[in-house]
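Colleague: Contents of run_38.cif (mmCIF, C-alpha atoms) are below:
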data_start
loop_
_atom_site.label_atom_id
_atom_site.label_comp_id
_atom_site.auth_asym_id
_atom_site.auth_seq_id
_atom_site.Cartn_x
_atom_site.Cartn_y
_atom_site.Cartn_z
CA MET A 1 0.00 0.00 0.00
CA ASP A 2 1.69 3.19 -1.20
CA ASP A 3 -0.99 5.71 -0.21
CA TYR A 4 0.93 7.52 2.52
CA ARG A 5 -2.08 9.69 3.40
CA GLY A 6 -4.20 6.62 4.04
CA LEU A 7 -1.53 5.19 6.32
CA ALA A 8 -1.25 8.53 8.12
CA ASP A 9 -5.06 8.62 8.53
CA ALA A 10 -5.01 5.13 10.05
CA LEU A 11 -2.37 6.13 12.59
CA ALA A 12 -4.27 9.34 13.34
CA ASP A 13 -7.38 7.25 14.06
CA ASP A 14 -5.37 5.04 16.43
CA ILE A 15 -4.21 8.15 18.28
CA ALA A 16 -7.74 9.58 18.49
CA LEU A 17 -9.11 6.27 19.81
CA GLY A 18 -6.39 5.90 22.39
CA LYS A 19 -4.80 2.84 20.81
CA LEU A 20 -1.66 4.95 20.56
CA ARG A 21 -1.24 7.03 23.71
CA ALA A 22 0.55 10.26 24.51
CA GLY A 23 4.24 9.45 24.91
CA ASP A 24 4.12 6.17 22.95
CA ARG A 25 7.08 5.74 20.62
CA LEU A 26 6.35 4.77 17.03
CA PRO A 27 8.52 2.15 15.33
CA THR A 28 11.43 3.43 13.29
CA GLN A 29 10.58 4.38 9.76
CA ARG A 30 12.54 1.38 8.45
CA VAL A 31 10.65 -1.04 10.74
CA PHE A 32 7.32 0.62 9.87
CA ALA A 33 8.09 0.24 6.15
CA ARG A 34 8.94 -3.45 6.59
CA ASP A 35 5.81 -4.16 8.65
CA LYS A 36 3.53 -2.44 6.14
CA GLY A 37 5.31 -3.74 3.05
CA ILE A 38 6.03 -0.27 1.74
CA ALA A 39 9.11 1.64 0.64
CA VAL A 40 11.12 3.50 3.27
CA SER A 41 10.51 6.69 1.30
CA THR A 42 6.76 6.17 1.76
CA ALA A 43 7.23 5.63 5.50
CA ILE A 44 9.13 8.89 5.68
CA ARG A 45 6.19 10.65 4.01
CA VAL A 46 3.74 9.05 6.50
CA TYR A 47 5.73 10.27 9.48
CA SER A 48 6.18 13.71 7.91
CA GLU A 49 2.41 13.94 7.46
CA LEU A 50 1.84 13.08 11.15
CA LEU A 51 4.38 15.75 12.12
CA ARG A 52 2.60 18.27 9.89
CA ARG A 53 -0.71 17.50 11.63
CA GLY A 54 0.88 17.99 15.04
CA LEU A 55 0.09 14.44 16.15
CA VAL A 56 3.67 13.35 16.80
CA THR A 57 7.00 14.87 17.70
CA GLY A 58 10.42 13.77 16.52
CA GLU A 59 13.33 13.69 18.97
CA VAL A 60 16.79 13.38 17.46
CA GLY A 61 18.46 10.17 18.55
CA ARG A 62 15.35 8.87 20.34
CA GLY A 63 12.61 8.44 17.74
CA THR A 64 9.08 9.63 17.00
CA PHE A 65 6.60 9.99 19.85
CA VAL A 66 2.83 10.54 20.01
CA ARG A 67 1.69 13.90 21.29
CA ALA A 68 -1.39 14.19 23.52
CA ALA A 69 -4.40 13.37 21.35
CA PRO A 70 -7.11 15.96 20.77
CA PRO A 71 -10.23 15.66 22.94
CA VAL A 72 -12.64 12.85 22.06
CA PRO A 73 -15.85 13.79 20.18
CA GLY A 74 -18.52 15.21 22.44
CA PRO A 75 -16.23 16.84 25.01
CA ALA A 76 -17.36 16.77 28.59
CA LEU A 77 -16.68 20.50 28.94
CA THR A 78 -18.99 23.17 27.69
CA GLU A 79 -16.05 24.61 25.74
CA PRO A 80 -15.82 24.47 21.94
CA ALA A 81 -14.15 21.27 20.73
CA GLY A 82 -10.41 21.59 20.98
CA ALA A 83 -10.45 24.32 23.65
CA ARG A 84 -7.83 23.87 26.36
CA VAL A 85 -8.57 24.58 30.00
CA ASP A 86 -5.31 25.68 31.61
CA LEU A 87 -4.96 24.50 35.22
CA GLU A 88 -1.15 24.62 34.97
CA LEU A 89 -0.33 28.34 35.00
CA ASN A 90 -1.53 30.73 37.67
CA PHE A 91 -1.64 34.31 36.37
CA PRO A 92 -4.96 35.73 37.59
CA VAL A 93 -6.22 38.57 35.40
CA LEU A 94 -9.78 39.64 36.14
CA PRO A 95 -12.33 41.13 33.75
CA GLY A 96 -12.24 44.89 33.97
CA GLN A 97 -8.63 45.18 35.11
CA ALA A 98 -7.56 47.00 31.97
CA ALA A 99 -10.11 49.75 32.61
CA LEU A 100 -8.69 50.25 36.10
CA LEU A 101 -5.08 50.31 34.96
CA ALA A 102 -5.32 52.40 31.79
CA PRO A 103 -5.86 55.89 33.26
CA ALA A 104 -2.51 55.88 35.09
CA LEU A 105 -0.70 54.85 31.91
CA GLU A 106 -2.42 57.59 29.92
CA GLY A 107 -1.01 60.12 32.35
CA LEU A 108 2.45 58.61 32.04
CA LEU A 109 2.47 59.12 28.28
CA ARG A 110 2.48 62.92 28.58
CA PRO A 111 5.95 64.14 27.54
CA ASP A 112 6.72 65.74 30.89
CA ALA A 113 5.72 62.61 32.82
CA LEU A 114 7.36 60.23 30.38
CA ALA A 115 10.76 61.82 30.95
CA GLY A 116 11.02 60.08 34.30
CA GLY A 117 10.29 56.74 32.68
CA LEU A 118 13.22 57.14 30.30
CA ALA A 119 15.81 57.33 33.07
CA ALA A 120 18.29 54.55 33.83
CA ALA A 121 17.19 51.69 36.04
CA THR A 122 18.17 51.67 39.71
CA THR A 123 17.81 49.21 42.59
CA THR A 124 16.37 51.80 44.98
CA GLY A 125 13.78 53.40 42.72
CA THR A 126 12.34 56.75 43.76
CA PRO A 127 11.06 58.03 47.11
CA GLU A 128 7.51 57.81 45.71
CA ALA A 129 8.05 54.20 44.62
CA ARG A 130 9.49 53.19 48.00
CA SER A 131 6.60 54.82 49.85
CA ALA A 132 4.00 53.16 47.61
CA ALA A 133 5.72 49.77 47.84
CA THR A 134 5.83 49.99 51.62
CA ALA A 135 2.05 50.40 51.73
CA VAL A 136 1.51 47.47 49.37
CA LEU A 137 3.91 45.16 51.22
CA THR A 138 2.64 45.91 54.73
CA ARG A 139 1.27 42.79 56.41
CA GLN A 140 -0.37 42.05 59.72
CA GLY A 141 2.37 42.67 62.28
CA TRP A 142 4.97 43.91 59.77
CA THR A 143 5.70 47.10 57.87
CA PRO A 144 9.00 47.48 56.01
CA ALA A 145 10.95 50.70 56.32
CA PRO A 146 10.89 52.50 52.94
CA GLU A 147 14.70 52.57 52.81
CA GLN A 148 14.74 48.76 53.04
CA VAL A 149 12.82 48.24 49.79
CA LEU A 150 14.76 47.36 46.63
CA PHE A 151 13.23 46.80 43.20
CA ALA A 152 13.64 44.00 40.64
CA GLY A 153 12.08 43.47 37.24
CA ASN A 154 9.78 40.72 38.56
CA GLY A 155 9.44 38.17 41.33
CA ARG A 156 11.75 35.62 39.71
CA GLN A 157 14.49 38.20 39.45
CA ALA A 158 13.92 39.17 43.06
CA ILE A 159 14.42 35.52 44.10
CA ALA A 160 17.49 35.19 41.90
CA ALA A 161 19.07 38.31 43.42
CA ALA A 162 18.37 37.15 46.98
CA VAL A 163 19.81 33.68 46.35
CA SER A 164 22.81 35.11 44.51
CA ALA A 165 23.53 37.47 47.39
CA LEU A 166 23.29 34.78 50.08
CA VAL A 167 24.64 31.60 48.47
CA PRO A 168 28.04 31.38 46.73
CA VAL A 169 28.72 29.27 43.67
CA GLY A 170 28.88 25.68 44.90
CA GLY A 171 26.92 26.62 48.03
CA ARG A 172 23.86 24.88 49.46
CA LEU A 173 20.35 26.30 49.62
CA GLY A 174 17.77 24.55 51.79
CA VAL A 175 14.28 24.37 50.24
CA GLU A 176 11.02 22.69 51.12
CA ALA A 177 10.86 19.19 49.63
CA LEU A 178 8.06 20.44 47.36
CA THR A 179 8.87 23.89 46.06
CA TYR A 180 8.37 26.48 43.33
CA PRO A 181 9.97 24.93 40.20
CA VAL A 182 11.61 28.18 39.08
CA VAL A 183 13.85 28.03 42.15
CA ARG A 184 15.40 24.84 40.77
CA ALA A 185 16.19 26.62 37.50
CA ILE A 186 17.61 29.65 39.31
CA ALA A 187 19.82 27.43 41.47
CA GLY A 188 21.08 25.59 38.41
CA ARG A 189 22.08 28.81 36.68
CA LEU A 190 23.79 30.13 39.79
CA GLY A 191 25.68 26.91 40.49
CA VAL A 192 23.81 26.36 43.77
CA GLU A 193 22.94 22.94 45.21
CA LEU A 194 19.38 22.52 46.49
CA VAL A 195 18.91 20.58 49.72
CA PRO A 196 15.33 19.26 50.18
CA LEU A 197 13.94 19.70 53.69
CA ALA A 198 11.10 17.60 55.09
CA MET A 199 7.64 19.09 55.62
CA ASP A 200 4.41 18.24 57.39
CA ALA A 201 0.91 19.71 57.24
CA ASP A 202 2.17 22.93 58.88
CA GLY A 203 5.10 23.40 56.49
CA LEU A 204 8.85 23.12 56.83
CA LEU A 205 9.92 21.08 59.88
CA PRO A 206 12.27 22.91 62.27
CA ASP A 207 14.15 19.67 63.01
CA ALA A 208 14.71 19.14 59.29
CA LEU A 209 16.30 22.58 59.07
CA ARG A 210 18.30 21.98 62.24
CA GLY A 211 19.75 18.69 60.98
CA ALA A 212 20.30 19.55 57.33
CA GLY A 213 24.10 19.81 57.48
CA ARG A 214 25.91 22.75 55.93
CA LEU A 215 23.59 25.37 54.45
CA ASP A 216 24.23 28.91 53.26
CA ALA A 217 20.57 29.96 53.29
CA VAL A 218 17.02 28.59 53.12
CA TYR A 219 14.18 29.48 50.71
CA LEU A 220 10.60 28.96 51.84
CA GLN A 221 7.00 30.00 51.20
CA PRO A 222 5.19 30.20 54.54
CA THR A 223 1.96 31.78 53.24
CA LEU A 224 -0.10 30.07 50.52
CA HIS A 225 2.68 27.70 49.63
CA ASN A 226 3.16 26.78 45.98
CA PRO A 227 2.24 24.00 45.17
CA LEU A 228 0.44 22.96 48.37
CA GLY A 229 -1.67 26.09 48.85
CA THR A 230 -1.29 25.83 52.63
CA THR A 231 -0.24 28.44 55.21
CA MET A 232 2.25 27.94 58.05
CA PRO A 233 0.82 28.75 61.50
CA PRO A 234 2.49 31.36 63.74
CA ALA A 235 3.94 28.78 66.15
CA ARG A 236 5.83 27.07 63.33
CA ARG A 237 7.19 30.40 62.10
CA ALA A 238 8.46 31.17 65.57
CA ALA A 239 10.09 27.75 65.83
CA LEU A 240 11.83 28.20 62.48
CA ALA A 241 13.02 31.65 63.51
CA GLY A 242 14.63 30.01 66.53
CA VAL A 243 16.48 27.51 64.35
CA LEU A 244 17.65 30.29 62.02
CA ALA A 245 19.10 32.04 65.05
CA GLU A 246 20.74 28.81 66.32
CA ARG A 247 22.38 28.23 62.95
CA ASP A 248 23.05 31.91 62.15
CA LEU A 249 21.29 31.24 58.84
CA PRO A 250 19.56 33.72 56.50
CA ALA A 251 16.21 32.95 54.89
CA VAL A 252 14.54 34.02 51.64
CA GLU A 253 10.81 34.35 52.32
CA ASP A 254 8.64 34.29 49.17
CA THR A 255 5.32 36.05 49.85
CA ILE A 256 4.02 36.40 46.30
CA TYR A 257 0.58 34.95 47.15
CA ALA A 258 0.31 36.42 50.67
CA PHE A 259 -1.83 39.34 49.50
CA LEU A 260 -4.75 36.91 49.21
CA ARG A 261 -5.23 36.41 52.96
CA ASP A 262 -4.96 38.26 56.27
CA GLY A 263 -1.99 37.13 58.35
CA PRO A 264 -0.22 35.55 59.90
CA ALA A 265 2.72 37.93 60.23
CA PRO A 266 5.53 37.06 57.82
CA LEU A 267 8.73 35.38 58.89
CA ALA A 268 10.35 38.77 58.30
CA ALA A 269 8.45 40.04 61.35
CA VAL A 270 9.60 37.12 63.51
CA ALA A 271 13.22 36.97 62.31
CA PRO A 272 13.78 40.47 60.88
CA GLU A 273 17.57 40.39 61.08
CA ARG A 274 17.82 37.16 59.07
CA THR A 275 14.97 37.29 56.53
CA VAL A 276 15.07 38.63 52.97
CA LEU A 277 11.45 39.02 51.88
CA VAL A 278 10.67 38.82 48.14
CA ASP A 279 7.39 39.65 46.42
CA SER A 280 6.03 41.06 43.16
CA LEU A 281 3.00 42.45 41.36
CA SER A 282 2.74 39.49 38.96
CA LYS A 283 -0.12 37.84 40.87
CA ARG A 284 -1.56 41.02 42.37
CA VAL A 285 -1.89 42.72 38.99
CA ALA A 286 -0.63 40.87 35.91
CA PRO A 287 2.56 39.30 34.55
CA GLY A 288 2.86 41.54 31.50
CA LEU A 289 3.72 44.76 33.34
CA THR A 290 5.02 43.86 36.78
CA LEU A 291 7.54 44.78 39.45
CA GLY A 292 9.58 42.73 41.91
CA PHE A 293 10.38 43.67 45.50
CA VAL A 294 13.29 42.61 47.71
CA VAL A 295 13.28 43.66 51.36
CA PRO A 296 16.53 42.63 53.08
CA PRO A 297 17.63 43.46 56.61
CA ALA A 298 20.01 46.39 56.88
CA ALA A 299 23.07 44.15 57.22
CA LEU A 300 22.33 42.43 53.90
CA ARG A 301 20.99 45.38 51.92
CA GLU A 302 24.15 46.25 50.00
CA ARG A 303 24.85 42.59 49.14
CA VAL A 304 21.37 42.22 47.69
CA ALA A 305 21.59 45.54 45.83
CA ALA A 306 24.92 44.49 44.33
CA ALA A 307 23.40 41.19 43.20
CA LEU A 308 20.52 43.05 41.53
CA ARG A 309 22.96 45.28 39.67
CA SER A 310 25.41 42.56 38.62
CA GLY A 311 22.63 40.22 37.48
CA GLY A 312 20.87 42.90 35.45
CA TRP A 313 17.74 42.22 37.52
CA MET A 314 16.81 45.84 38.28
CA ALA A 315 13.38 47.27 37.49
CA GLN A 316 13.18 49.45 34.41
CA ALA A 317 12.32 53.07 35.06
CA PHE A 318 9.17 53.12 32.90
CA THR A 319 7.78 50.06 34.66
CA LEU A 320 8.67 51.50 38.05
CA GLU A 321 6.88 54.76 37.23
CA ALA A 322 3.76 53.00 35.89
CA THR A 323 3.44 50.59 38.80
CA THR A 324 4.11 53.36 41.33
CA ARG A 325 1.10 55.19 39.96
CA TRP A 326 -1.00 52.04 40.31
CA MET A 327 0.17 51.43 43.87
CA ALA A 328 -0.10 55.03 45.07
CA GLY A 329 -3.45 55.58 43.36
CA GLY A 330 -5.12 52.65 45.11
CA VAL A 331 -5.58 50.59 41.93
CA VAL A 332 -3.42 47.71 43.20
CA ALA A 333 -5.37 47.58 46.47
CA GLU A 334 -8.66 47.52 44.56
CA ILE A 335 -7.49 44.64 42.36
CA GLU A 336 -6.21 42.78 45.44
CA ARG A 337 -9.66 42.96 47.03
CA ALA A 338 -11.29 41.71 43.83
CA LYS A 339 -8.84 38.81 43.56
CA ARG A 340 -9.50 37.76 47.14
CA THR A 341 -13.17 37.45 46.26
CA ASP A 342 -12.33 35.65 43.04
CA ALA A 343 -9.99 33.15 44.72
CA ALA A 344 -12.60 32.37 47.36
CA ALA A 345 -15.20 31.69 44.67
CA ARG A 346 -12.83 29.33 42.88
CA GLN A 347 -12.02 27.53 46.12
CA ALA A 348 -15.76 27.05 46.65
CA LEU A 349 -15.83 25.17 43.34
CA VAL A 350 -12.96 22.98 44.55
CA ALA A 351 -14.92 22.16 47.71
CA GLU A 352 -18.03 21.43 45.65
CA HIS A 353 -16.47 19.16 43.05
CA LEU A 354 -13.52 17.62 44.88
CA GLY A 355 -15.09 17.20 48.30
CA GLY A 356 -14.29 13.74 49.62
CA PHE A 357 -10.94 13.60 47.84
CA ALA A 358 -7.60 14.21 49.58
CA VAL A 359 -7.16 17.88 48.68
CA ARG A 360 -4.80 20.23 50.53
CA THR A 361 -5.35 23.95 50.13
CA ASP A 362 -6.35 27.18 51.84
CA PRO A 363 -9.74 28.86 51.30
CA ALA A 364 -7.86 31.94 50.06
CA SER A 365 -5.49 30.16 47.66
CA TYR A 366 -5.42 30.26 43.87
CA HIS A 367 -4.23 26.63 43.71
CA CYS A 368 -4.67 23.29 45.44
CA TRP A 369 -2.81 20.00 45.87
CA TRP A 370 -4.70 16.81 45.05
CA GLU A 371 -3.44 13.44 46.26
CA LEU A 372 -4.92 11.09 43.69
CA PRO A 373 -6.87 7.97 44.64
CA ALA A 374 -5.70 4.49 43.60
CA PRO A 375 -5.25 3.14 41.00
CA TRP A 376 -4.41 6.46 39.37
CA ARG A 377 -0.81 7.55 38.92
CA ALA A 378 -0.04 11.22 38.47
CA GLU A 379 1.47 10.89 34.99
CA THR A 380 -1.46 8.79 33.75
CA PHE A 381 -3.98 11.21 35.22
CA VAL A 382 -2.23 14.18 33.60
CA ALA A 383 -2.27 12.45 30.21
CA THR A 384 -5.93 11.46 30.58
CA ALA A 385 -6.91 14.99 31.59
CA ALA A 386 -5.01 16.35 28.59
CA ARG A 387 -7.10 14.16 26.31
CA ARG A 388 -10.14 15.90 27.75
CA GLY A 389 -8.56 19.29 27.05
CA ILE A 390 -7.53 20.00 30.65
CA ALA A 391 -3.90 20.77 31.56
CA VAL A 392 -2.75 19.99 35.11
CA THR A 393 0.72 19.66 36.67
CA PRO A 394 2.12 16.44 38.19
CA ALA A 395 3.85 16.45 41.58
CA ALA A 396 7.19 15.61 39.98
CA ALA A 397 7.41 19.20 38.67
CA PHE A 398 7.72 20.46 42.27
CA ALA A 399 9.74 17.70 43.94
CA VAL A 400 13.36 18.34 44.91
CA GLY A 401 15.83 15.49 45.24
CA THR A 402 16.03 11.97 43.89
CA GLY A 403 13.18 10.32 45.82
CA HIS A 404 9.81 9.44 44.36
CA ALA A 405 7.41 12.33 43.90
CA PRO A 406 4.04 12.08 45.66
CA ASN A 407 1.18 10.64 43.64
CA ALA A 408 -0.51 14.01 43.31
CA VAL A 409 -1.22 16.91 40.97
CA ARG A 410 -1.41 20.66 41.45
CA LEU A 411 -4.44 22.48 40.10
CA ALA A 412 -3.90 26.16 39.32
CA LEU A 413 -7.33 27.77 39.55
CA ALA A 414 -6.82 31.32 38.31
CA ALA A 415 -6.69 31.14 34.51
CA PRO A 416 -10.02 29.80 33.17
CA PRO A 417 -13.33 31.65 33.44
CA VAL A 418 -15.24 30.51 36.51
CA PRO A 419 -17.84 28.45 34.56
CA ALA A 420 -15.06 26.66 32.63
CA LEU A 421 -13.21 25.98 35.88
CA GLY A 422 -16.31 24.39 37.43
CA ALA A 423 -16.86 22.23 34.35
CA ALA A 424 -13.20 21.17 34.31
CA LEU A 425 -13.25 20.23 38.00
CA ALA A 426 -16.39 18.16 37.41
CA VAL A 427 -14.64 16.29 34.61
CA LEU A 428 -11.52 15.67 36.71
CA ALA A 429 -13.63 14.43 39.63
CA ALA A 430 -15.46 12.00 37.36
CA LEU A 431 -12.16 10.71 35.99
CA ALA A 432 -10.74 10.23 39.49
CA ARG A 433 -13.77 8.27 40.64
CA GLY A 434 -13.17 5.78 37.85
CA ALA A 435 -10.03 4.01 36.79
CA PRO A 436 -7.65 4.45 33.84
CA GLY A 437 -9.43 3.22 30.75
CA ASP A 438 -12.96 3.47 32.18
CA ASP A 439 -13.84 6.36 29.88
CA GLY A 440 -12.46 4.67 26.82
CA VAL A 441 -9.81 7.35 26.45
CA GLU A 442 -6.83 6.09 28.43
#
Please, can you express the file's structure as structure tokens?
Modeller:
Amino acid sequence: MDDYRGLADALADDIALGKLRAGDRLPTQRVFARDKGIAVSTAIRVYSELLRRGLVTGEVGRGTFVRAAPPVPGPALTEPAGARVDLELNFPVLPGQAALLAPALEGLLRPDALAGGLAAATTTGTPEARSAATAVLTRQGWTPAPEQVLFAGNGRQAIAAAVSALVPVGGRLGVEALTYPVVRAIAGRLGVELVPLAMDADGLLPDALRGAGRLDAVYLQPTLHNPLGTTMPPARRAALAGVLAERDLPAVEDTIYAFLRDGPAPLAAVAPERTVLVDSLSKRVAPGLTLGFVVPPAALRERVAAALRSGGWMAQAFTLEATTRWMAGGVVAEIERAKRTDAAARQALVAEHLGGFAVRTDPASYHCWWELPAPWRAETFVATAARRGIAVTPAAAFAVGTGHAPNAVRLALAAPPVPALGAALAVLAALARGAPGDDGVE
């Protein structure tokens, strides 16, 4: 049979029906040609046609692999066929935000105002920026001094600067055993070794930090932890502050989601002389025009500022001017209040659809951690959800170290419209109540 399109159609049907699954490797073109009794040149055309349709991917030296198949006919979601519900990325942008943000930018575009936005970037910003940032960063029990606040381009750059300032090349950074994946990439680029530290339901264990061997610093997320969505109670924060003092160890406290809930006081309030607090406007406002904050203690301020400068991680002047107007004008606070309401509504959907499952989260969080029931495995569940047009993240993306990752997935709740989120959670719950293969897809 020399009709390469017919052969490609047959393989496409096998993918759509689940006979060939996401990640399956196809036989080599030579083996495929022999099995089908066709010329190798025809096999090459078959595989090229599958590549053109986006059904497979070729990896040099490894072979040709099946991509995730498109959703089956009659999708369970009320989305158009082929729509993808993103529960992987968490960048909450609410309807109506643009109308709130635009007026400040219109003012900035006047020639006299724009002049300030054309200046060179600095780590310390302007007095107006420091004052506005102080108001935004103030938490229950903690207010940074304006002169403490340094500015980065975004939250990732703020983390990178803090780690670079505290941990030398070849040094060791303690992190929670499940942590923000970007920290792994930052550590790799900086030549820093990550040391996973055990956790329980309240967060990082003080004894794990105490017995971790040589460390140069520790990175942690006490409030609305990513990926777990949980918040460390005050007693645990106090205990960790005691261990930091025992070990004379600095900490990088990531508070990027903390705006979503009241309290408890940050670690920076409990261990002010040892904590570098990092934050940003990426979640508060939007990722496209954002600002990062680094608040080190006085003894570490110049080291962190030098890291910001040498890494090229400083905020640009135009961005600093625009975001200062948003912060000082009350726009950021207004969006924060709206996102608190939005996150609570999305958590209500989690409680409605995933009640009875082993879900860890906080009623204020924009994500949750779902420990999957047997016989599901995280990778299989992710692939099955993808076939239904729903993207979720397996636990392995957050695990540090060489041990087995938990059999769990993280659901990021912020991206889809609320009705689509509810429909997606209903689909995922139905999948989890069955077993792989029950729906005829996996």
Colleague: With segment 120-144 of chain A as the partner and 9 Å as the cut-off, tabulate the residues of segment 317-419 of chain A that qualify, each row holding the nearest pair of atoms and their distance in Å to one decimal, using all atoms listed in the file, sorted by chain and rising number, as a tab-separated table.
Modeller:
residue	atom	partner	partner_atom	distance
A:Ala317	CA	A:Ala121	CA	5.2
A:Phe318	CA	A:Ala121	CA	8.7
A:Leu320	CA	A:Ala129	CA	7.1
A:Glu321	CA	A:Ala129	CA	7.5
A:Thr323	CA	A:Ala129	CA	8.3
A:Thr324	CA	A:Ala129	CA	5.2
A:Arg325	CA	A:Ala129	CA	8.4
A:Trp326	CA	A:Ala132	CA	8.9
A:Met327	CA	A:Ala132	CA	5.6
A:Ala328	CA	A:Ala132	CA	5.2
A:Gly329	CA	A:Ala132	CA	8.9
A:Val332	CA	A:Val136	CA	7.9
A:Ala333	CA	A:Val136	CA	7.5
Colleague: Any chance you could work out the residue set of the PyMOL selection byres ((chain A and resi 390-399) around 10) here, as a ChimeraX atom specification?
Modeller: /A:71,77,83-89,176-184,196,226-228,369-371,377-389,400-412,421,424-425,427-428
Colleague: Hey, what comes out of the PyMOL selection byres ((chain A and resi 46-48) around 12) on this file? Could you write it as an MDAnalysis selection string?
Modeller: chainID A and resid 1:12 26:30 32:33 36 38:45 49:58 63:66
Colleague: Dump C-alpha atoms for the selected residues as a JSON list (two decimals), in the coordinates of the input?
Modeller:
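The result, written out as result-v6.json:
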[["chain", "number", "residue", "atom", "x", "y", "z"],
["A", 1, "MET", "CA", 0.00, 0.00, 0.00],
["A", 2, "ASP", "CA", 1.69, 3.19, -1.20],
["A", 3, "ASP", "CA", -0.99, 5.71, -0.21],
["A", 4, "TYR", "CA", 0.93, 7.52, 2.52],
["A", 5, "ARG", "CA", -2.08, 9.69, 3.40],
["A", 6, "GLY", "CA", -4.20, 6.62, 4.04],
["A", 7, "LEU", "CA", -1.53, 5.19, 6.32],
["A", 8, "ALA", "CA", -1.25, 8.53, 8.12],
["A", 9, "ASP", "CA", -5.06, 8.62, 8.53],
["A", 10, "ALA", "CA", -5.01, 5.13, 10.05],
["A", 11, "LEU", "CA", -2.37, 6.13, 12.59],
["A", 12, "ALA", "CA", -4.27, 9.34, 13.34],
["A", 26, "LEU", "CA", 6.35, 4.77, 17.03],
["A", 27, "PRO", "CA", 8.52, 2.15, 15.33],
["A", 28, "THR", "CA", 11.43, 3.43, 13.29],
["A", 29, "GLN", "CA", 10.58, 4.38, 9.76],
["A", 30, "ARG", "CA", 12.54, 1.38, 8.45],
["A", 32, "PHE", "CA", 7.32, 0.62, 9.87],
["A", 33, "ALA", "CA", 8.09, 0.24, 6.15],
["A", 36, "LYS", "CA", 3.53, -2.44, 6.14],
["A", 38, "ILE", "CA", 6.03, -0.27, 1.74],
["A", 39, "ALA", "CA", 9.11, 1.64, 0.64],
["A", 40, "VAL", "CA", 11.12, 3.50, 3.27],
["A", 41, "SER", "CA", 10.51, 6.69, 1.30],
["A", 42, "THR", "CA", 6.76, 6.17, 1.76],
["A", 43, "ALA", "CA", 7.23, 5.63, 5.50],
["A", 44, "ILE", "CA", 9.13, 8.89, 5.68],
["A", 45, "ARG", "CA", 6.19, 10.65, 4.01],
["A", 49, "GLU", "CA", 2.41, 13.94, 7.46],
["A", 50, "LEU", "CA", 1.84, 13.08, 11.15],
["A", 51, "LEU", "CA", 4.38, 15.75, 12.12],
["A", 52, "ARG", "CA", 2.60, 18.27, 9.89],
["A", 53, "ARG", "CA", -0.71, 17.50, 11.63],
["A", 54, "GLY", "CA", 0.88, 17.99, 15.04],
["A", 55, "LEU", "CA", 0.09, 14.44, 16.15],
["A", 56, "VAL", "CA", 3.67, 13.35, 16.80],
["A", 57, "THR", "CA", 7.00, 14.87, 17.70],
["A", 58, "GLY", "CA", 10.42, 13.77, 16.52],
["A", 63, "GLY", "CA", 12.61, 8.44, 17.74],
["A", 64, "THR", "CA", 9.08, 9.63, 17.00],
["A", 65, "PHE", "CA", 6.60, 9.99, 19.85],
["A", 66, "VAL", "CA", 2.83, 10.54, 20.01]]
Colleague: Considering all atoms listed in the file, can you say which of A:Val218, A:Tyr257, A:Leu244, A:Arg237 comes closest to Ala269 of chain A?
Modeller: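 For Ala269 of chain A, the nearest of the candidates is A:Arg237.
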Colleague: Using only C-alpha atoms, I'd like a table of the residues in segment 245-318 of chain A that come within 8 Å of segment 154-160 of chain A; for each, show the closest atom pair and its distance in Å rounded to one decimal, ordered by chain and ascending number, as a Markdown table.
Modeller:
| residue | atom | partner | partner_atom | distance |
| --- | --- | --- | --- | --- |
| A:Val252 | CA | A:Ile159 | CA | 7.7 |
| A:Asp254 | CA | A:Ile159 | CA | 7.8 |
| A:Ile256 | CA | A:Gly155 | CA | 7.6 |
| A:Val278 | CA | A:Ala158 | CA | 6.0 |
| A:Asp279 | CA | A:Gly155 | CA | 5.7 |
| A:Ser280 | CA | A:Gly155 | CA | 4.8 |
| A:Leu281 | CA | A:Asn154 | CA | 7.5 |
| A:Ser282 | CA | A:Asn154 | CA | 7.2 |
| A:Thr290 | CA | A:Asn154 | CA | 6.0 |
| A:Leu291 | CA | A:Asn154 | CA | 4.7 |
| A:Gly292 | CA | A:Asn154 | CA | 3.9 |
| A:Phe293 | CA | A:Ala158 | CA | 6.2 |
| A:Val294 | CA | A:Ala158 | CA | 5.8 |
| A:Leu308 | CA | A:Ala158 | CA | 7.8 |
| A:Trp313 | CA | A:Gln157 | CA | 5.5 |
| A:Ala315 | CA | A:Asn154 | CA | 7.6 |
Colleague: Using the chain letters and numbers from this file, what does the PyMOL selection byres ((chain A and resi 220) around 6) select? Give the answer as a PDB file with C-alpha atoms, in the frame of the given file.
Modeller:
ATOM      1  CA  TYR A 219      14.180  29.480  50.710  1.00  0.00           C
ATOM      2  CA  GLN A 221       7.000  30.000  51.200  1.00  0.00           C
ATOM      3  CA  GLU A 253      10.810  34.350  52.320  1.00  0.00           C
TER       4      GLU A 253
END
Colleague: Go ahead and compute the interatomic distance for atom CA of Leu267 of chain A and atom CA of Val192 of chain A, in Å to one decimal.
Modeller: 23.2 Å
Colleague: Have a look at atom CA of Lys283 of chain A and atom CA of Ala420 of chain A and let me know their distance in Å, one decimal.
Modeller: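 Here the two named atoms are 20.4 Å from each other.
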Colleague: Please provide the set of residues having any atom within 12 Å of Pro95 of chain A, restricted to only C-alpha atoms, with same-chain residues fewer than 4 positions apart removed, written as a PyMOL selection string.
Modeller: chain A and resi 99-101+285-286+335+338-339+342+415-418
Colleague: In Å, how far is it from atom CA of Leu413 of chain A to atom CA of Tyr366 of chain A?
Modeller: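 About the pair atom CA of Leu413 of chain A and atom CA of Tyr366 of chain A: they are 5.3 Å apart.
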